[in-house]
Amino acid sequence: MDESRTPADGPSVDDIASVFHVDDVRRREDTLYYLGTPLTTSGTLERELWPLFHDAGYTVSLSTRAQVEADLGPVESTAHGRSGSAGHNASDSQGTADEAVDPVGDDPEPTDVTVEPADTTRLNGGATRGIGPVQSQYVLVAEPRTPHVDGIPWMNLFFFVLTVGSTLLVGATTWYYIPLSAIESNPLRLLEALPFVLAILGPLAIHELGHYVMIRYYDVDASLPYFIPFPSLIGTMGAVIRMRGRIPSRKALFDIGVAGPLAGLVATVVVTVIGLYADPISVPQEVLDNPSSTSIRFNYPLLLQGLGALTGQPLGYPDPTQTASPIIFGGWVGMFVTLLNLLPVGQFDGGHITRAVLGPRQETLAAAVPAGLFALAGYLYFFTDATNAVILWGFWGVLAMALAYGGPATPVRDEPLDTRRKAVAALTFVLGLLCFTPIPFQIGV
């Protein structure tokens, strides 16, 4: 269906009758309210109802009458009700429930509690139906799904332009040694850093594009990538996609999670090879003679060292007046970003992949990640002088704790993955390990 228009109608009462007994259906503007009683657990309710409402163009959540009372004032009643139930008005309900009910569309861990009305009779097949006064204390709230892209994404474009600008500025002044005064007198000199911008933002964009292609393939509601400008050594803090909808299955969760790192890593390898064949950069003598200049040594992971060996190109130069092309540093950044994204915790790509492979057991693995990062930081603290690496891994250990506490994404259908995808997961993490170096960089060496 065309996602740019509001769906005309939601699922019929008969379509959901096996898991939710409907007493009345109300509409306020574009939102539908199915008043009634769940006949099964919230987990089963979600698995059964999510595809029906999703295909009709709605997101659905289970709430209580008390929680949506303000929206259920004098509203239009639809003709969905069945004989014997459609005539009941929501205002005839005998009381409301104050307890919170897990939302169908936002429940990270569905409960195993079956909610049934006080006066019920068991029907054939185990279904229940109320008798006596109607107890419409639960409500299925169906809201129209947000289009993936509605018009020109001005905010995304704005942040992308800012990110290009910050990366150009950092690249020109830091990596191509162009004085700020020269840029002020001739702003076009910023364009000399364009290869650096492409080397940094290219793999990041391909990474996010890999995610977004799979997001659209599985029809998950999400935003376009938001690039984050930041005047650091690389001019950006990366990019993020805001997920608004539920992920339908483990297969979808895996494909969405793994597509970004694999696509980004392919782009990173291409950028690195181009950088290895690029000419070195001359370091101005005034930079070498400046006592306030700070030198930073970037240690290369196995993947980058392997590419250097395969191409036969140097990764550095003994002459201090020459330094490797900044394009190689773009490859280094791509590998480091891939490594961090593959940490098997929370909403990281690695968390999505391991959640899809291991199911709920992923949380045990996620809990061990901060301990591993703290152990690495402790080892470096006691046995090396790499203070910067100690701070780096300690920071990521704290962040991993927060992400592990937040938990991973939970798919609607939680069936196990096939063997082929498990093999791809193993390969992806092996590639991630090739991007690892215990001391990524050292300052003042």
# chains A, B, ... in the order shown; residues from 1 in each chain; ligands from 1
call {"tool": "residues_around", "arguments": {"residues": "Ser18 (chain A)", "least_positions_apart": "3", "cutoff": "8 Å", "atoms": "only C-alpha atoms", "output": "ChimeraX atom specification"}}
result
/A:14-15,21,39,127
call {"tool": "closest_residue", "arguments": {"among": "A:Leu339, A:Ala375, A:Ala426, A:Ala367", "to": "Leu403 (chain A)", "atoms": "only C-alpha atoms"}}
result
A:Ala367
call {"tool": "closest_residue", "arguments": {"among": "A:Ala371, A:Leu162, A:Val60, A:Ile200", "to": "Val398 (chain A)", "atoms": "only C-alpha atoms"}}
result
A:Ala371
call {"tool": "residues_around", "arguments": {"residues": "Ala356 (chain A)", "least_positions_apart": "2", "cutoff": "7 Å", "atoms": "only C-alpha atoms", "output": "list in words"}}
result
Arg250, Lys251, Leu253, Phe254, His352, Ile353, Thr354, Leu358, Gly359 and Leu417 of chain A
call {"tool": "atom_distance", "arguments": {"atom1": "CA of Arg242 (chain A)", "atom2": "CA of Asp221 (chain A)"}}
result
8.9 Å
call {"tool": "atom_distance", "arguments": {"atom1": "CA of Ala366 (chain A)", "atom2": "CA of Gly346 (chain A)"}}
result
7.2 Å
call {"tool": "closest_residue", "arguments": {"among": "A:Asn186, A:Thr40, A:Gln442, A:Thr268", "to": "Ala205 (chain A)", "atoms": "only C-alpha atoms"}}
result
A:Thr268
call {"tool": "atom_distance", "arguments": {"atom1": "CA of Phe329 (chain A)", "atom2": "CA of Trp175 (chain A)"}}
result
9.5 Å
call {"tool": "select_by_dssp", "arguments": {"residues": "region 349-422 of chain A", "states": "helix (DSSP H, G or I)", "output": "ChimeraX atom specification"}}
result
/A:349-383,387-406,419-422
call {"tool": "write_last_selection", "arguments": {"atoms": "C-alpha atoms", "output": "PDB file, in the first residue's frame"}}
result
ATOM      1  CA  ASP A 349      25.085  -3.861  15.514  1.00  0.00           C
ATOM      2  CA  GLY A 350      26.868  -6.615  17.411  1.00  0.00           C
ATOM      3  CA  GLY A 351      24.021  -6.641  19.919  1.00  0.00           C
ATOM      4  CA  HIS A 352      21.480  -7.054  17.111  1.00  0.00           C
ATOM      5  CA  ILE A 353      23.490  -9.864  15.527  1.00  0.00           C
ATOM      6  CA  THR A 354      24.027 -11.823  18.742  1.00  0.00           C
ATOM      7  CA  ARG A 355      20.408 -11.301  19.824  1.00  0.00           C
ATOM      8  CA  ALA A 356      19.304 -12.778  16.502  1.00  0.00           C
ATOM      9  CA  VAL A 357      21.696 -15.735  16.842  1.00  0.00           C
ATOM     10  CA  LEU A 358      21.405 -16.493  20.568  1.00  0.00           C
ATOM     11  CA  GLY A 359      17.918 -15.269  21.375  1.00  0.00           C
ATOM     12  CA  PRO A 360      17.344 -14.104  24.967  1.00  0.00           C
ATOM     13  CA  ARG A 361      20.647 -15.733  25.998  1.00  0.00           C
ATOM     14  CA  GLN A 362      22.371 -12.763  24.377  1.00  0.00           C
ATOM     15  CA  GLU A 363      21.882 -10.791  27.577  1.00  0.00           C
ATOM     16  CA  THR A 364      24.331 -13.100  29.381  1.00  0.00           C
ATOM     17  CA  LEU A 365      26.980 -12.366  26.764  1.00  0.00           C
ATOM     18  CA  ALA A 366      26.198  -8.645  26.889  1.00  0.00           C
ATOM     19  CA  ALA A 367      26.721  -8.606  30.647  1.00  0.00           C
ATOM     20  CA  ALA A 368      30.253  -9.976  30.145  1.00  0.00           C
ATOM     21  CA  VAL A 369      31.267  -7.291  27.631  1.00  0.00           C
ATOM     22  CA  PRO A 370      31.850  -4.463  30.161  1.00  0.00           C
ATOM     23  CA  ALA A 371      33.897  -6.846  32.320  1.00  0.00           C
ATOM     24  CA  GLY A 372      36.075  -7.705  29.334  1.00  0.00           C
ATOM     25  CA  LEU A 373      36.641  -4.048  28.474  1.00  0.00           C
ATOM     26  CA  PHE A 374      37.498  -3.181  32.078  1.00  0.00           C
ATOM     27  CA  ALA A 375      39.884  -6.140  32.203  1.00  0.00           C
ATOM     28  CA  LEU A 376      41.620  -4.894  29.043  1.00  0.00           C
ATOM     29  CA  ALA A 377      41.900  -1.399  30.513  1.00  0.00           C
ATOM     30  CA  GLY A 378      43.314  -2.860  33.735  1.00  0.00           C
ATOM     31  CA  TYR A 379      45.901  -4.934  31.881  1.00  0.00           C
ATOM     32  CA  LEU A 380      47.071  -1.917  29.888  1.00  0.00           C
ATOM     33  CA  TYR A 381      47.224   0.176  33.050  1.00  0.00           C
ATOM     34  CA  PHE A 382      49.469  -2.256  34.933  1.00  0.00           C
ATOM     35  CA  PHE A 383      51.662  -3.569  32.121  1.00  0.00           C
ATOM     36  CA  THR A 387      47.306   5.829  29.401  1.00  0.00           C
ATOM     37  CA  ASN A 388      45.120   6.932  26.502  1.00  0.00           C
ATOM     38  CA  ALA A 389      44.107   3.358  25.722  1.00  0.00           C
ATOM     39  CA  VAL A 390      43.255   2.777  29.393  1.00  0.00           C
ATOM     40  CA  ILE A 391      40.907   5.757  29.353  1.00  0.00           C
ATOM     41  CA  LEU A 392      39.467   4.725  25.983  1.00  0.00           C
ATOM     42  CA  TRP A 393      38.547   1.159  26.974  1.00  0.00           C
ATOM     43  CA  GLY A 394      37.403   2.268  30.428  1.00  0.00           C
ATOM     44  CA  PHE A 395      35.012   4.731  28.798  1.00  0.00           C
ATOM     45  CA  TRP A 396      33.640   2.048  26.455  1.00  0.00           C
ATOM     46  CA  GLY A 397      33.278  -0.296  29.418  1.00  0.00           C
ATOM     47  CA  VAL A 398      31.022   2.234  31.160  1.00  0.00           C
ATOM     48  CA  LEU A 399      29.062   2.805  27.954  1.00  0.00           C
ATOM     49  CA  ALA A 400      28.691  -0.956  27.435  1.00  0.00           C
ATOM     50  CA  MET A 401      27.244  -1.250  30.958  1.00  0.00           C
ATOM     51  CA  ALA A 402      24.599   1.328  30.134  1.00  0.00           C
ATOM     52  CA  LEU A 403      23.779  -0.358  26.819  1.00  0.00           C
ATOM     53  CA  ALA A 404      23.591  -3.802  28.420  1.00  0.00           C
ATOM     54  CA  TYR A 405      21.204  -2.422  31.031  1.00  0.00           C
ATOM     55  CA  GLY A 406      19.007  -0.953  28.280  1.00  0.00           C
ATOM     56  CA  THR A 419      22.622 -22.146   9.717  1.00  0.00           C
ATOM     57  CA  ARG A 420      23.703 -19.911   6.845  1.00  0.00           C
ATOM     58  CA  ARG A 421      23.062 -16.727   8.797  1.00  0.00           C
ATOM     59  CA  LYS A 422      24.857 -18.157  11.837  1.00  0.00           C
TER      60      LYS A 422
END
call {"tool": "residues_around", "arguments": {"residues": "region 292-303 of chain A", "least_positions_apart": "4", "cutoff": "9 Å", "atoms": "only C-alpha atoms", "output": "VMD selection string"}}
result
chain A and resid 269 287 to 288 307 to 308 315 329 332 335 to 336 431 433 to 445
call {"tool": "write_last_selection", "arguments": {"atoms": "C-alpha atoms", "output": "short mmCIF file (atom, residue, chain, number, x, y, z; two decimals), in the first residue's frame"}}
result
data_model
loop_
_atom_site.label_atom_id
_atom_site.label_comp_id
_atom_site.auth_asym_id
_atom_site.auth_seq_id
_atom_site.Cartn_x
_atom_site.Cartn_y
_atom_site.Cartn_z
CA VAL A 269 38.90 -1.85 2.45
CA VAL A 287 55.06 22.17 12.26
CA LEU A 288 58.10 20.02 13.02
CA LEU A 307 46.26 -4.87 3.16
CA GLY A 308 49.61 -3.10 3.32
CA LEU A 315 52.19 2.30 6.03
CA PHE A 329 43.60 7.20 8.24
CA TRP A 332 41.77 3.17 10.06
CA MET A 335 37.97 -0.33 10.92
CA PHE A 336 37.81 1.17 14.40
CA LEU A 431 36.42 -9.65 10.50
CA LEU A 433 38.53 -9.00 15.44
CA LEU A 434 40.87 -8.22 12.53
CA CYS A 435 39.98 -4.56 13.14
CA PHE A 436 41.09 -4.74 16.79
CA THR A 437 44.28 -3.41 18.29
CA PRO A 438 44.63 -3.14 22.07
CA ILE A 439 46.30 0.29 21.85
CA PRO A 440 44.59 2.10 18.97
CA PHE A 441 46.61 5.31 19.34
CA GLN A 442 49.25 6.92 21.51
CA ILE A 443 49.64 10.63 22.11
CA GLY A 444 53.04 12.27 22.43
CA VAL A 445 55.02 9.32 21.03
#
call {"tool": "select_by_dssp", "arguments": {"residues": "region 190-416 of chain A", "states": "strand (DSSP E)", "output": "PyMOL selection string"}}
result
chain A and resi 226-229+236-240+281-282+296-298+322-323
call {"tool": "closest_residue", "arguments": {"among": "A:Thr146, A:Gln322, A:Gln285, A:Thr236", "to": "Ser166 (chain A)", "atoms": "only C-alpha atoms"}}
result
A:Thr236
call {"tool": "closest_residue", "arguments": {"among": "A:Ala267, A:Ile327, A:Leu52, A:Gly257", "to": "Leu204 (chain A)", "atoms": "only C-alpha atoms"}}
result
A:Ala267
call {"tool": "residues_around", "arguments": {"residues": "Met243 (chain A)", "least_positions_apart": "2", "cutoff": "9 Å", "atoms": "only C-alpha atoms", "output": "list in words"}}
result
Val220, Asp221, Ala222, Ser223, Ile241, Gly245 and Arg246 of chain A
call {"tool": "write_last_selection", "arguments": {"atoms": "N, CA and C atoms", "output": "tab-separated table (two decimals), in the first residue's frame"}}
result
chain	number	residue	atom	x	y	z
A	220	VAL	N	10.39	-1.82	7.97
A	220	VAL	CA	10.44	-1.36	9.36
A	220	VAL	C	10.46	0.16	9.35
A	221	ASP	N	9.69	0.75	10.23
A	221	ASP	CA	9.61	2.20	10.30
A	221	ASP	C	10.88	2.76	10.94
A	222	ALA	N	11.63	3.57	10.20
A	222	ALA	CA	12.87	4.15	10.70
A	222	ALA	C	13.18	5.42	9.93
A	223	SER	N	14.06	6.23	10.50
A	223	SER	CA	14.45	7.48	9.87
A	223	SER	C	15.59	7.25	8.90
A	241	ILE	N	20.69	5.93	12.84
A	241	ILE	CA	19.34	5.78	12.28
A	241	ILE	C	18.38	5.57	13.45
A	245	GLY	N	9.84	1.61	14.51
A	245	GLY	CA	8.93	0.48	14.47
A	245	GLY	C	9.57	-0.78	15.03
A	246	ARG	N	8.73	-1.79	15.26
A	246	ARG	CA	9.20	-3.09	15.73
A	246	ARG	C	9.82	-3.87	14.59
